[in-house]
$ cat upload-v3.pdb   # PDB, C-alpha atoms, pLDDT in the B column
ATOM      1  CA  ALA A   1       0.000   0.000   0.000  1.00 83.00           C
ATOM      2  CA  LEU A   2       0.996   3.595  -0.555  1.00 85.00           C
ATOM      3  CA  ARG A   3      -0.181   6.312   1.861  1.00 84.00           C
ATOM      4  CA  ILE A   4      -0.506   9.810   0.447  1.00 84.00           C
ATOM      5  CA  LEU A   5      -0.774  12.560   3.071  1.00 78.00           C
ATOM      6  CA  VAL A   6      -3.358  15.096   1.893  1.00 79.00           C
ATOM      7  CA  PRO A   7      -4.560  18.409   3.303  1.00 73.00           C
ATOM      8  CA  VAL A   8      -7.513  18.153   5.661  1.00 66.00           C
ATOM      9  CA  ALA A   9      -9.488  20.530   3.421  1.00 64.00           C
ATOM     10  CA  THR A  10      -9.247  17.963   0.612  1.00 69.00           C
ATOM     11  CA  THR A  11     -10.679  15.126   2.672  1.00 67.00           C
ATOM     12  CA  MET A  12     -13.447  17.249   4.190  1.00 68.00           C
ATOM     13  CA  ILE A  13     -14.955  18.085   0.799  1.00 80.00           C
ATOM     14  CA  PRO A  14     -16.275  14.970  -0.993  1.00 87.00           C
ATOM     15  CA  GLU A  15     -15.874  16.574  -4.444  1.00 91.00           C
ATOM     16  CA  ARG A  16     -12.175  17.206  -3.849  1.00 90.00           C
ATOM     17  CA  THR A  17     -11.520  13.706  -2.534  1.00 91.00           C
ATOM     18  CA  ALA A  18     -13.404  11.970  -5.363  1.00 94.00           C
ATOM     19  CA  THR A  19     -11.788  14.226  -7.964  1.00 95.00           C
ATOM     20  CA  PHE A  20      -8.251  13.653  -6.677  1.00 94.00           C
ATOM     21  CA  LYS A  21      -8.802   9.886  -6.419  1.00 95.00           C
ATOM     22  CA  THR A  22     -10.072   9.610  -9.983  1.00 96.00           C
ATOM     23  CA  ALA A  23      -7.336  11.892 -11.312  1.00 96.00           C
ATOM     24  CA  LEU A  24      -4.687   9.744  -9.628  1.00 96.00           C
ATOM     25  CA  MET A  25      -6.189   6.608 -11.191  1.00 95.00           C
ATOM     26  CA  ALA A  26      -6.365   8.342 -14.603  1.00 96.00           C
ATOM     27  CA  GLY A  27      -2.672   9.195 -14.279  1.00 96.00           C
ATOM     28  CA  ILE A  28      -1.815   5.592 -13.406  1.00 94.00           C
ATOM     29  CA  ALA A  29      -3.844   4.319 -16.365  1.00 94.00           C
ATOM     30  CA  ARG A  30      -2.125   6.769 -18.737  1.00 95.00           C
ATOM     31  CA  LYS A  31       1.381   6.064 -17.426  1.00 93.00           C
ATOM     32  CA  TYR A  32       1.183   2.276 -17.311  1.00 89.00           C
ATOM     33  CA  GLY A  33      -1.567   1.577 -19.861  1.00 87.00           C
ATOM     34  CA  GLY A  34      -4.677  -0.469 -19.363  1.00 79.00           C
ATOM     35  CA  ASP A  35      -7.250  -0.304 -16.623  1.00 82.00           C
ATOM     36  CA  PRO A  36      -5.857  -0.309 -13.082  1.00 85.00           C
ATOM     37  CA  ASP A  37      -9.092  -1.851 -11.756  1.00 84.00           C
ATOM     38  CA  HIS A  38      -7.082  -3.972  -9.315  1.00 88.00           C
ATOM     39  CA  LEU A  39      -6.023  -0.807  -7.437  1.00 91.00           C
ATOM     40  CA  ARG A  40      -8.244   0.871  -4.845  1.00 92.00           C
ATOM     41  CA  ILE A  41      -8.028   4.167  -2.973  1.00 91.00           C
ATOM     42  CA  VAL A  42      -9.586   4.664   0.462  1.00 90.00           C
ATOM     43  CA  PRO A  43      -9.355   7.527   2.966  1.00 87.00           C
ATOM     44  CA  ALA A  44      -7.625   6.897   6.301  1.00 87.00           C
ATOM     45  CA  THR A  45      -6.738   8.966   9.367  1.00 84.00           C
ATOM     46  CA  MET A  46      -4.333   8.808  12.250  1.00 83.00           C
ATOM     47  CA  PRO A  47      -3.744  11.202  15.164  1.00 79.00           C
ATOM     48  CA  ASP A  48      -0.887  13.698  15.079  1.00 73.00           C
ATOM     49  CA  HIS A  49       0.723  12.490  18.332  1.00 71.00           C
ATOM     50  CA  ARG A  50       4.234  13.693  17.629  1.00 69.00           C
ATOM     51  CA  HIS A  51       3.427  17.407  17.300  1.00 64.00           C
ATOM     52  CA  ASN A  52       0.441  17.428  19.691  1.00 68.00           C
ATOM     53  CA  SER A  53      -1.465  19.629  17.240  1.00 63.00           C
ATOM     54  CA  GLY A  54      -4.837  18.069  17.988  1.00 68.00           C
ATOM     55  CA  TYR A  55      -5.245  17.394  14.266  1.00 71.00           C
ATOM     56  CA  GLU A  56      -5.514  14.106  12.457  1.00 77.00           C
ATOM     57  CA  ARG A  57      -3.240  13.122   9.628  1.00 78.00           C
ATOM     58  CA  ARG A  58      -5.456  12.392   6.655  1.00 81.00           C
ATOM     59  CA  PHE A  59      -4.319  10.040   3.950  1.00 84.00           C
ATOM     60  CA  LEU A  60      -5.515   8.479   0.782  1.00 88.00           C
ATOM     61  CA  VAL A  61      -4.314   4.895   0.807  1.00 90.00           C
ATOM     62  CA  LEU A  62      -3.676   3.364  -2.598  1.00 91.00           C
ATOM     63  CA  TYR A  63      -3.518  -0.417  -2.400  1.00 91.00           C
ATOM     64  CA  ASP A  64      -3.367  -3.410  -4.702  1.00 90.00           C
ATOM     65  CA  THR A  65      -6.194  -5.953  -4.377  1.00 90.00           C
ATOM     66  CA  LEU A  66      -4.241  -8.774  -6.025  1.00 85.00           C
ATOM     67  CA  PRO A  67      -2.342 -11.093  -3.659  1.00 85.00           C
ATOM     68  CA  GLY A  68       1.356 -10.271  -3.870  1.00 80.00           C
ATOM     69  CA  GLY A  69       0.633  -7.093  -5.821  1.00 78.00           C
ATOM     70  CA  THR A  70       1.369  -6.192  -9.417  1.00 78.00           C
ATOM     71  CA  GLY A  71       4.380  -3.900  -8.965  1.00 76.00           C
ATOM     72  CA  TYR A  72       2.549  -0.648  -9.712  1.00 75.00           C
ATOM     73  CA  LEU A  73       2.889   0.646  -6.176  1.00 84.00           C
ATOM     74  CA  HIS A  74       6.617   0.029  -6.011  1.00 83.00           C
ATOM     75  CA  ARG A  75       7.065   2.288  -9.055  1.00 82.00           C
ATOM     76  CA  LEU A  76       4.838   4.954  -7.471  1.00 84.00           C
ATOM     77  CA  SER A  77       6.667   4.945  -4.139  1.00 84.00           C
ATOM     78  CA  THR A  78       9.435   7.250  -5.359  1.00 86.00           C
ATOM     79  CA  GLU A  79       9.099  11.007  -5.689  1.00 87.00           C
ATOM     80  CA  ALA A  80       9.806  10.817  -9.416  1.00 90.00           C
ATOM     81  CA  GLY A  81       7.320   7.977  -9.907  1.00 91.00           C
ATOM     82  CA  LEU A  82       4.484   9.754  -8.121  1.00 92.00           C
ATOM     83  CA  ARG A  83       5.215  13.082  -9.804  1.00 94.00           C
ATOM     84  CA  GLU A  84       5.223  11.449 -13.236  1.00 96.00           C
ATOM     85  CA  VAL A  85       1.831   9.849 -12.584  1.00 95.00           C
ATOM     86  CA  LEU A  86       0.411  13.188 -11.396  1.00 96.00           C
ATOM     87  CA  GLU A  87       1.789  14.896 -14.514  1.00 97.00           C
ATOM     88  CA  HIS A  88       0.074  12.263 -16.656  1.00 97.00           C
ATOM     89  CA  ALA A  89      -3.129  12.905 -14.702  1.00 97.00           C
ATOM     90  CA  ARG A  90      -2.862  16.631 -15.367  1.00 97.00           C
ATOM     91  CA  ASP A  91      -2.316  15.931 -19.056  1.00 97.00           C
ATOM     92  CA  VAL A  92      -5.430  13.714 -19.140  1.00 96.00           C
ATOM     93  CA  VAL A  93      -7.709  16.351 -17.595  1.00 96.00           C
ATOM     94  CA  THR A  94      -6.195  19.309 -19.438  1.00 94.00           C
ATOM     95  CA  HIS A  95      -6.450  17.785 -22.899  1.00 94.00           C
ATOM     96  CA  CYS A  96      -9.683  15.815 -22.624  1.00 92.00           C
ATOM     97  CA  VAL A  97     -12.258  16.573 -25.320  1.00 89.00           C
ATOM     98  CA  CYS A  98     -14.834  17.355 -22.631  1.00 89.00           C
ATOM     99  CA  ALA A  99     -12.760  20.409 -21.651  1.00 83.00           C
ATOM    100  CA  GLY A 100     -14.026  22.215 -24.727  1.00 76.00           C
ATOM    101  CA  ASP A 101     -17.418  20.513 -24.776  1.00 69.00           C
ATOM    102  CA  GLU A 102     -20.270  22.920 -25.373  1.00 64.00           C
ATOM    103  CA  GLN A 103     -22.478  20.851 -23.046  1.00 66.00           C
ATOM    104  CA  GLN A 104     -20.207  21.896 -20.158  1.00 70.00           C
ATOM    105  CA  LYS A 105     -19.734  18.403 -18.742  1.00 79.00           C
ATOM    106  CA  ASN A 106     -17.890  18.212 -15.427  1.00 90.00           C
ATOM    107  CA  ALA A 107     -16.032  15.128 -16.641  1.00 93.00           C
ATOM    108  CA  CYS A 108     -16.439  12.251 -19.056  1.00 93.00           C
ATOM    109  CA  HIS A 109     -15.485   8.598 -19.407  1.00 93.00           C
ATOM    110  CA  ARG A 110     -12.324   9.551 -21.334  1.00 92.00           C
ATOM    111  CA  CYS A 111     -10.822  11.500 -18.419  1.00 94.00           C
ATOM    112  CA  LEU A 112     -12.180  10.820 -14.913  1.00 95.00           C
ATOM    113  CA  LEU A 113     -15.519   9.006 -14.933  1.00 95.00           C
ATOM    114  CA  ALA A 114     -13.951   5.702 -15.994  1.00 94.00           C
ATOM    115  CA  HIS A 115     -12.205   5.677 -12.609  1.00 94.00           C
ATOM    116  CA  ALA A 116     -15.103   6.889 -10.451  1.00 94.00           C
ATOM    117  CA  ASP A 117     -17.233   4.684  -8.242  1.00 92.00           C
ATOM    118  CA  ASP A 118     -20.963   4.818  -8.988  1.00 92.00           C
ATOM    119  CA  ASP A 119     -21.615   7.105  -6.011  1.00 93.00           C
ATOM    120  CA  GLU A 120     -18.857   9.526  -7.132  1.00 93.00           C
ATOM    121  CA  PHE A 121     -20.130  10.351 -10.647  1.00 92.00           C
ATOM    122  CA  ASP A 122     -21.826  13.574  -9.528  1.00 93.00           C
ATOM    123  CA  LEU A 123     -18.811  14.611  -7.421  1.00 94.00           C
ATOM    124  CA  VAL A 124     -15.996  14.298  -9.967  1.00 95.00           C
ATOM    125  CA  ASP A 125     -14.998  17.504 -11.755  1.00 95.00           C
ATOM    126  CA  ARG A 126     -12.361  17.737 -14.488  1.00 94.00           C
ATOM    127  CA  SER A 127     -11.683  21.465 -14.003  1.00 92.00           C
ATOM    128  CA  LEU A 128     -11.288  20.954 -10.237  1.00 92.00           C
ATOM    129  CA  ALA A 129      -8.804  18.154 -10.961  1.00 94.00           C
ATOM    130  CA  GLU A 130      -6.912  20.452 -13.297  1.00 94.00           C
ATOM    131  CA  GLN A 131      -6.781  23.137 -10.584  1.00 92.00           C
ATOM    132  CA  MET A 132      -5.732  20.745  -7.797  1.00 91.00           C
ATOM    133  CA  LEU A 133      -3.044  19.058  -9.899  1.00 93.00           C
ATOM    134  CA  GLY A 134      -1.783  22.428 -11.120  1.00 92.00           C
ATOM    135  CA  GLU A 135      -1.416  23.745  -7.568  1.00 89.00           C
ATOM    136  CA  LEU A 136       0.275  20.545  -6.427  1.00 88.00           C
ATOM    137  CA  LEU A 137       2.696  20.221  -9.326  1.00 92.00           C
ATOM    138  CA  ASP A 138       3.469  23.935  -9.737  1.00 91.00           C
ATOM    139  CA  GLU A 139       4.319  24.273  -6.021  1.00 85.00           C
ATOM    140  CA  TRP A 140       6.016  20.865  -5.773  1.00 86.00           C
ATOM    141  CA  GLU A 141       8.553  20.607  -2.977  1.00 81.00           C
ATOM    142  CA  SER A 142       9.920  17.440  -1.531  1.00 78.00           C
ATOM    143  CA  ALA A 143      12.288  16.357   1.176  1.00 73.00           C
ATOM    144  CA  GLU A 144      13.554  13.000   2.339  1.00 75.00           C
ATOM    145  CA  LEU A 145      11.755  12.071   5.576  1.00 69.00           C
ATOM    146  CA  ALA A 146      11.805   8.975   7.715  1.00 71.00           C
ATOM    147  CA  SER A 147       8.074   9.235   8.392  1.00 69.00           C
ATOM    148  CA  THR A 148       5.058  11.431   7.683  1.00 67.00           C
ATOM    149  CA  ASP A 149       5.161  12.143  11.443  1.00 68.00           C
ATOM    150  CA  ASP A 150       8.029  14.522  10.621  1.00 65.00           C
ATOM    151  CA  ILE A 151       5.557  16.817   8.819  1.00 64.00           C
ATOM    152  CA  SER A 152       3.990  19.352  11.155  1.00 60.00           C
ATOM    153  CA  LEU A 153       0.265  19.939  10.803  1.00 57.00           C
ATOM    154  CA  LEU A 154       0.219  23.048  12.980  1.00 54.00           C
ATOM    155  CA  ASP A 155      -0.144  25.401  10.018  1.00 57.00           C
ATOM    156  CA  GLN A 156      -2.626  23.221   8.145  1.00 56.00           C
ATOM    157  CA  VAL A 157      -6.035  24.728   7.569  1.00 51.00           C
ATOM    158  CA  GLU A 158      -9.129  22.752   8.456  1.00 55.00           C
ATOM    159  CA  SER A 159     -11.434  23.915   5.709  1.00 54.00           C
ATOM    160  CA  GLU A 160     -11.628  25.585   2.336  1.00 56.00           C
ATOM    161  CA  LEU A 161     -13.241  28.623   3.985  1.00 58.00           C
ATOM    162  CA  GLU A 162     -10.365  28.907   6.468  1.00 62.00           C
ATOM    163  CA  ALA A 163      -7.845  28.681   3.606  1.00 63.00           C
ATOM    164  CA  ARG A 164      -9.615  31.498   1.761  1.00 67.00           C
ATOM    165  CA  PHE A 165      -9.745  33.602   4.925  1.00 70.00           C
ATOM    166  CA  VAL A 166      -6.016  33.168   5.608  1.00 64.00           C
ATOM    167  CA  SER A 167      -5.173  33.944   1.974  1.00 69.00           C
ATOM    168  CA  GLY A 168      -7.351  37.071   2.010  1.00 74.00           C
ATOM    169  CA  LEU A 169      -5.887  38.190   5.321  1.00 76.00           C
ATOM    170  CA  LYS A 170      -2.348  37.839   3.952  1.00 75.00           C
ATOM    171  CA  ARG A 171      -3.274  39.863   0.852  1.00 79.00           C
ATOM    172  CA  TRP A 172      -4.878  42.544   3.041  1.00 83.00           C
ATOM    173  CA  VAL A 173      -1.840  42.775   5.333  1.00 79.00           C
ATOM    174  CA  ALA A 174       0.501  42.967   2.338  1.00 80.00           C
ATOM    175  CA  ALA A 175      -1.566  45.829   0.876  1.00 80.00           C
ATOM    176  CA  GLU A 176      -1.645  47.839   4.157  1.00 68.00           C
ATOM    177  CA  PRO A 177       0.846  50.731   4.196  1.00 67.00           C
ATOM    178  CA  ALA A 178       3.447  50.454   6.955  1.00 58.00           C
ATOM    179  CA  SER A 179       2.817  52.828   9.857  1.00 54.00           C
TER
END
$ encode --input "upload-v3.pdb" --output "structure tokens"
Amino acid sequence: ALRILVPVATTMIPERTATFKTALMAGIARKYGGDPDHLRIVPATMPDHRHNSGYERRFLVLYDTLPGGTGYLHRLSTEAGLREVLEHARDVVTHCVCAGDEQQKNACHRCLLAHADDDEFDLVDRSLAEQMLGELLDEWESAELASTDDISLLDQVESELEARFVSGLKRWVAAEPAS
């Protein structure tokens, strides 16, 4: 299994979680070819004991359902492997024919819907995937860590509204003349 630490705001909004999950699967399908129907993604949490932040670490766990695995996850476990899959995912959603569709579809079977569970069809959004992947890949930073426990959650926002508030507050403070 591969655990991907995600911001709490992503896991608290079903559209963001479903969209990221399907985009990740679309990237895997594009990179390795075929249908990765033997892979599953589920949300998981664990307390942030090390930093005593009171927050939970929220993950998406990608796992192989075949006994012994197929080797996909080993290739994804490196920074370069995961980044390449996410870049393929961004390419899928950016260049899908539904992006220019006059019917304004949120997604189609060629980009994300092929990887969505039945209860996620209404949640998945190609333009949201494009935005999320763009933010992630354009601001990509990585560091070698022994454990995700080494990542502090103290500055993590708990909701989309809180993130917008903090961003607006920073813009307001930056625009204020010094006294």
$ atom_distance --input "upload-v3.pdb" --atom1 "CA of Leu137 (chain A)" --atom2 "CA of Leu5 (chain A)"
15.0 Å
$ resolve_selection --input "upload-v3.pdb" --expression "the PyMOL selection byres ((chain A and resi 87-94) around 12)" --output "VMD selection string"
chain A and resid 19 to 33 80 to 86 95 to 100 106 to 113 115 124 to 138 140
$ atom_distance --input "upload-v3.pdb" --atom1 "CA of Thr65 (chain A)" --atom2 "CA of Ala18 (chain A)"
19.3 Å
$ residues_around --input "upload-v3.pdb" --residues "Val42 (chain A)" --least-positions-apart "5" --cutoff "10 Å" --atoms "all atoms listed in the file" --output "list in words"
Arg3, Thr17, Lys21, Phe59, Leu60, Val61, Leu62 and Tyr63 of chain A
$ atom_distance --input "upload-v3.pdb" --atom1 "CA of Arg57 (chain A)" --atom2 "CA of Thr78 (chain A)"
20.5 Å
$ closest_residue --input "upload-v3.pdb" --among "A:Ala114, A:Ala175, A:Val6, A:Ala1" --to "Thr70 (chain A)" --atoms "only C-alpha atoms"
A:Ala1
$ resolve_selection --input "upload-v3.pdb" --expression "the PyMOL selection byres ((chain A and resi 44) around 6)" --output "list of chain:residue names"
A:Pro43, A:Thr45, A:Arg58, A:Phe59
$ axis_aligned_box --input "upload-v3.pdb" --around "region 105-118 of chain A" --padding-each-side "4 Å" --output "JSON"
{"center_x": -15.9, "center_y": 11.5, "center_z": -14.8, "size_x": 18.1, "size_y": 21.7, "size_z": 21.1}
$ closest_residue --input "upload-v3.pdb" --among "A:Glu79, A:Glu141, A:Glu15, A:Asp64" --to "Arg40 (chain A)" --atoms "all atoms listed in the file"
A:Asp64
$ closest_residue --input "upload-v3.pdb" --among "A:Leu66, A:Met46, A:Leu73, A:Leu123" --to "Pro14 (chain A)" --atoms "only C-alpha atoms"
A:Leu123
